[in-house]
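*Asks:* Below is one structure. I have some questions about it.
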Amino acid sequence: MIERVERKGTNSEKYNPKHLLNLCGNANAEPFWVADMDFESPKPVQEALLKVASQRTYGYPGFEELPKAFCDFAKKRHNLDLCAEDAIVSPGILTSISIVTQMYPDYEIIIPKPAYRPFVAIAENHNRKIHHWALSYDRENARFSLDLAELERIAALPGKKMLSFCSPHNPSGRVWTREELLGVIAICKKHDMPILCDEIHADLAYKSAVEIPFLALAHECGINAICFMAPSKTFNIAGEHMSVTLFTDPALRDEFAKRLHQIHFEGPSLFSGTAALAAYQGGYDWLMELVDMLESNAKFVCSYMKAEIPKMRFVMPQASFITFVDCRDIRERLPQGMDVSHFFGTKADVAMNYGLWFGDAYEDFVRFNFGTDRSHIEAALERMAKAVRQL
């Protein structure tokens with residue numbers, strides 16, 4: 001049984017009172033925001049880190065076996081056929097995306113919205129023109145989908161472009177269908193657009209979903225794609241920054257490896273490499289148990305909101321432990337100047353990301369993190385329901 005860990009007083013960003021105050025107006029609110037979980041990491045990870053810590057010396061590490069461990073895991077989890085030289089061990093995904101962005105100077109960047117805010121920040125930091133590609137939203141069914149006609153319109157505009165994609169999607173938790181992904185690929189191939197695909201939540205796809213590894217489709221269709229995967233969300237080791245970057249083009253792979261060498265990235269730190277290796281080699285059974293827990297939590301939140309807080313629409317995810325909640329019917333009743341994040345933070349002691357963090361059109365939403373035990377989720381929902389009834 002995967003257990004919840006008390007994280008107060010552990011230098012957790014998620015539980016930092018200053019961050020909570022800025023986020024929702026209440027330094028003592030219970031956090032349901034930052035995208036890491038309150039669950040313990042796999043026992044093999046804990047044991048490996050404790051063993052390293054007990055060595056009493058922490059010199060330069062080497063993790064030659066890490067690429068193969070990732071490839072073995074990717075075969076088992078995603079049926080991806082990779083060899084060790086395909087898997088470039090990299091810094092965290094955001095750093096890796098930034099490096100790849102540098103490899104395409106002067107390219108404009110298409111970003112689906114709503115979007116994980118750092119995707120936008122990377123493009124801005126590189127002084128790139130950004131094209132916001134709004135996803136379609138069916139409010140009746142609380143479901144996001146890809147507006148391929150809009151992507152085609154943007155792609156046809158003058159100028160070289162690249163697509164910054166996310167699969168599964170953050171913050172909706174959508175696992176894109178094969179047909180949707182093929183539609184994206186066809187447009188990008190037509191307009192010769194590279195695709196950067198963040199798949200950090202792919203390992204956490206629910207068993208009820210059909211998750212399609214983007215790299216496999218990219219190879220099948222003969223397009224230029226760079227995919228980013230990591231053990232961070234998967235095994236709840238987000239504090240140990242490390243990722244794996246995958247390319248369909250070997251020349252780009254070699255150029256990326258060269259750039260890592262230029263910035264003197266010679267591999268993960270002692271603790272991040274140890275955690276990743278132990279996770280990939282020994283964390284699979286834990287992951288399968290976790291995936292079941294997350295899907296069960298998501299179904300519980302969805303059914304609870306339908307029954308007890310019908311003014312909130314839960315965007316049912318198909319992967320991971322975060323998703324959007326549509327609060328339009330609540331926002332319209334709030335006092336002037338109050339947003340939904342501050343409402344729930346101050347009236348229900350529940351801290352969630354405000355939708356505007358993901359794009360200017362999403363003030364009706366909050367992002368809810370249900371990566372914790374059921375009792376804490378239920379207690380938070382009860383407080384939220386009470387606050388909404390008092391509006």
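Starting from 1 in every chain, residues are counted up; chains themselves are A, B, ... following the order of the structure tokens, and ligands are numbered from 1 as listed.
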I'd like a table as JSON lines: residues in stretch 254-279 of chain A with an atom no more than 6 Å from stretch 43-65 of chain A, each row giving the shortest atom pair and its distance in Å to one decimal, only C-alpha atoms counted, sorted by chain and rising residue number.

*Replies:*
{"residue": "A:Leu270", "atom": "CA", "partner": "A:Pro61", "partner_atom": "CA", "distance": 5.3}
{"residue": "A:Ala275", "atom": "CA", "partner": "A:Val45", "partner_atom": "CA", "distance": 5.3}
{"residue": "A:Ala278", "atom": "CA", "partner": "A:Val45", "partner_atom": "CA", "distance": 5.1}
{"residue": "A:Ala279", "atom": "CA", "partner": "A:Val45", "partner_atom": "CA", "distance": 5.7}

*Asks:* Since we have the selection now, will you write its residues out, keeping C-alpha atoms, as a short mmCIF file (atom, residue, chain, number, x, y, z; two decimals), in the first residue's frame?

*Replies:*
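Writing the result to selection10.cif gives the following:
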data_model
loop_
_atom_site.label_atom_id
_atom_site.label_comp_id
_atom_site.auth_asym_id
_atom_site.auth_seq_id
_atom_site.Cartn_x
_atom_site.Cartn_y
_atom_site.Cartn_z
CA LEU A 270 24.83 11.51 -7.39
CA ALA A 275 17.00 7.83 -7.62
CA ALA A 278 16.52 2.67 -8.80
CA ALA A 279 13.12 3.87 -10.03
#

*Asks:* Kindly provide the residues of stretch 111-214 of chain A that approach stretch 245-263 of chain A to within 12 Å, each paired with its closest atom pair and their distance in Å to one decimal, based on only C-alpha atoms, listed by chain and increasing number, as JSON lines.

*Replies:*
{"residue": "A:Pro194", "atom": "CA", "partner": "A:Thr248", "partner_atom": "CA", "distance": 10.4}
{"residue": "A:Ile195", "atom": "CA", "partner": "A:Phe247", "partner_atom": "CA", "distance": 10.3}
{"residue": "A:Leu196", "atom": "CA", "partner": "A:Phe247", "partner_atom": "CA", "distance": 9.6}
{"residue": "A:Cys197", "atom": "CA", "partner": "A:Leu246", "partner_atom": "CA", "distance": 9.7}
{"residue": "A:Asp198", "atom": "CA", "partner": "A:Thr245", "partner_atom": "CA", "distance": 9.6}
{"residue": "A:Glu199", "atom": "CA", "partner": "A:Thr245", "partner_atom": "CA", "distance": 10.2}
{"residue": "A:Ile200", "atom": "CA", "partner": "A:Thr245", "partner_atom": "CA", "distance": 10.9}
{"residue": "A:Pro213", "atom": "CA", "partner": "A:Leu246", "partner_atom": "CA", "distance": 11.5}
{"residue": "A:Phe214", "atom": "CA", "partner": "A:Leu246", "partner_atom": "CA", "distance": 10.4}

*Asks:* I'd like the interatomic distance between atom CA of A:Cys302 and atom CA of A:Arg383, to a tenth of an Å.

*Replies:*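 Interatomic distance here is 15.8 Å.
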
*Asks:* So which residues of stretch 114-362 of chain A fall under helix (DSSP H, G or I) by DSSP, listed as a PyMOL selection string?

*Replies:* chain A and resi 117-125+148-155+178-190+202-204+214-221+250-262+270-282+284-308+328-331+340-347+355-358

*Asks:* Please, could you write that set of residues out with C-alpha atoms as a CSV table (one decimal), in the first residue's frame?

*Replies:*
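Final output, again.csv:
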chain,number,residue,atom,x,y,z
A,117,ARG,CA,3.2,28.3,-17.9
A,118,PRO,CA,6.9,27.5,-18.2
A,119,PHE,CA,6.4,26.5,-21.8
A,120,VAL,CA,5.4,30.1,-22.5
A,121,ALA,CA,8.3,31.4,-20.3
A,122,ILE,CA,10.9,29.5,-22.3
A,123,ALA,CA,9.6,31.0,-25.6
A,124,GLU,CA,9.6,34.4,-24.1
A,125,ASN,CA,13.1,34.0,-22.6
A,148,LEU,CA,-6.9,20.9,-35.8
A,149,ALA,CA,-8.4,23.5,-38.1
A,150,GLU,CA,-7.0,26.3,-36.0
A,151,LEU,CA,-3.6,24.6,-35.9
A,152,GLU,CA,-3.7,24.5,-39.7
A,153,ARG,CA,-4.6,28.2,-39.9
A,154,ILE,CA,-1.7,29.1,-37.6
A,155,ALA,CA,0.8,26.8,-39.3
A,178,ARG,CA,-4.2,8.2,-32.2
A,179,GLU,CA,-6.4,10.0,-34.6
A,180,GLU,CA,-5.8,13.4,-32.9
A,181,LEU,CA,-2.0,12.8,-32.8
A,182,LEU,CA,-2.0,11.8,-36.5
A,183,GLY,CA,-3.9,15.0,-37.3
A,184,VAL,CA,-1.2,17.1,-35.5
A,185,ILE,CA,1.6,15.2,-37.2
A,186,ALA,CA,0.0,15.6,-40.7
A,187,ILE,CA,-0.2,19.4,-40.2
A,188,CYS,CA,3.4,19.6,-38.9
A,189,LYS,CA,4.7,17.5,-41.7
A,190,LYS,CA,2.9,19.5,-44.3
A,202,ALA,CA,2.8,9.6,-20.1
A,203,ASP,CA,4.0,7.0,-17.6
A,204,LEU,CA,1.0,7.9,-15.4
A,214,PHE,CA,4.6,10.1,-29.6
A,215,LEU,CA,8.1,9.0,-30.7
A,216,ALA,CA,6.7,5.8,-32.2
A,217,LEU,CA,4.1,7.7,-34.3
A,218,ALA,CA,6.7,10.2,-35.3
A,219,HIS,CA,9.0,7.5,-36.6
A,220,GLU,CA,6.1,5.8,-38.3
A,221,CYS,CA,5.1,9.1,-40.1
A,250,PRO,CA,20.2,11.1,-35.2
A,251,ALA,CA,22.0,14.3,-36.4
A,252,LEU,CA,19.9,16.4,-34.0
A,253,ARG,CA,20.5,13.9,-31.2
A,254,ASP,CA,24.2,14.3,-31.7
A,255,GLU,CA,23.9,18.1,-31.8
A,256,PHE,CA,22.0,18.1,-28.6
A,257,ALA,CA,24.6,15.9,-26.9
A,258,LYS,CA,27.3,18.3,-28.1
A,259,ARG,CA,25.4,21.2,-26.5
A,260,LEU,CA,25.1,19.4,-23.2
A,261,HIS,CA,28.9,18.9,-23.3
A,262,GLN,CA,29.3,22.6,-24.1
A,270,LEU,CA,24.8,11.5,-7.4
A,271,PHE,CA,21.4,11.6,-5.8
A,272,SER,CA,19.3,12.3,-8.9
A,273,GLY,CA,21.1,9.5,-10.9
A,274,THR,CA,20.7,7.1,-8.0
A,275,ALA,CA,17.0,7.8,-7.6
A,276,ALA,CA,16.3,7.6,-11.4
A,277,LEU,CA,18.2,4.3,-11.8
A,278,ALA,CA,16.5,2.7,-8.8
A,279,ALA,CA,13.1,3.9,-10.0
A,280,TYR,CA,13.5,2.6,-13.6
A,281,GLN,CA,15.0,-0.7,-12.4
A,282,GLY,CA,12.7,-1.4,-9.5
A,284,TYR,CA,7.4,-0.7,-12.1
A,285,ASP,CA,5.1,-2.6,-9.7
A,286,TRP,CA,4.8,0.5,-7.5
A,287,LEU,CA,3.9,2.6,-10.5
A,288,MET,CA,1.1,0.2,-11.5
A,289,GLU,CA,-0.3,0.4,-8.0
A,290,LEU,CA,0.0,4.2,-8.1
A,291,VAL,CA,-1.8,4.5,-11.5
A,292,ASP,CA,-4.8,2.6,-10.1
A,293,MET,CA,-4.9,4.8,-7.0
A,294,LEU,CA,-4.8,8.0,-9.1
A,295,GLU,CA,-7.6,6.9,-11.4
A,296,SER,CA,-9.7,5.9,-8.4
A,297,ASN,CA,-9.0,9.3,-6.8
A,298,ALA,CA,-10.0,11.1,-10.0
A,299,LYS,CA,-13.3,9.1,-10.3
A,300,PHE,CA,-14.0,9.9,-6.6
A,301,VAL,CA,-13.5,13.6,-7.1
A,302,CYS,CA,-15.6,13.6,-10.2
A,303,SER,CA,-18.5,11.8,-8.6
A,304,TYR,CA,-18.3,13.9,-5.4
A,305,MET,CA,-18.5,17.2,-7.4
A,306,LYS,CA,-21.4,16.0,-9.5
A,307,ALA,CA,-23.3,15.0,-6.3
A,308,GLU,CA,-22.3,17.7,-3.8
A,328,ARG,CA,-17.6,29.5,-14.0
A,329,ASP,CA,-20.9,29.2,-12.2
A,330,ILE,CA,-19.0,30.0,-8.9
A,331,ARG,CA,-16.9,32.8,-10.3
A,340,VAL,CA,-11.7,31.4,-7.7
A,341,SER,CA,-8.3,30.5,-6.3
A,342,HIS,CA,-8.5,33.1,-3.5
A,343,PHE,CA,-12.1,32.1,-2.9
A,344,PHE,CA,-11.3,28.5,-2.1
A,345,GLY,CA,-8.0,29.5,-0.4
A,346,THR,CA,-9.7,31.9,2.0
A,347,LYS,CA,-13.1,30.3,2.4
A,355,GLY,CA,-6.6,29.2,-14.3
A,356,LEU,CA,-5.0,32.4,-15.5
A,357,TRP,CA,-1.6,30.9,-14.9
A,358,PHE,CA,-2.3,28.6,-17.9

*Asks:* I'd like to know which of A:His201, A:Leu391, A:Cys24, A:Ala156 is closest to A:Thr234, using only C-alpha atoms.

*Replies:*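 Smallest distance to A:Thr234 is found for A:His201.
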
*Asks:* Pick out the residues sitting within 10 Å of A:Asn28, and hand them over as a list of chain:residue names; count only C-alpha atoms, and ignore anything fewer than 3 positions along from it in its own chain.

*Replies:* A:Tyr15, A:Asn16, A:Pro17, A:Lys18, A:Leu20, A:Leu21, A:Cys24, A:Gly25, A:Pro31, A:Gly345, A:Thr346, A:Asp349, A:Val350, A:Ala351

*Asks:* Please produce an output containing C-alpha atoms for each residue in the selection, written as a compact mmCIF listing (two decimals), in the first residue's frame.

*Replies:*
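Once everything was written out, this is out_29.txt:
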# COMPACT_ATOMS: atom_id res chain seq x y z
CA TYR A 15 3.83 23.55 1.57
CA ASN A 16 5.72 26.86 1.72
CA PRO A 17 3.47 29.39 3.57
CA LYS A 18 4.79 32.33 1.54
CA LEU A 20 0.49 29.62 -0.39
CA LEU A 21 -0.22 33.20 0.66
CA CYS A 24 -4.57 31.91 -2.70
CA GLY A 25 -4.40 34.53 0.06
CA PRO A 31 -1.95 22.63 -0.72
CA GLY A 345 -8.04 29.49 -0.38
CA THR A 346 -9.69 31.89 2.05
CA ASP A 349 -8.50 26.46 3.19
CA VAL A 350 -7.77 24.76 -0.15
CA ALA A 351 -4.90 26.07 -2.30

*Asks:* Extract the full set of strand (DSSP E) residues from stretch 145-269 of chain A according to DSSP on the backbone, and format it as an MDAnalysis selection string.

*Replies:* chainID A and resid 145 161:166 195:198 225:229 243:247
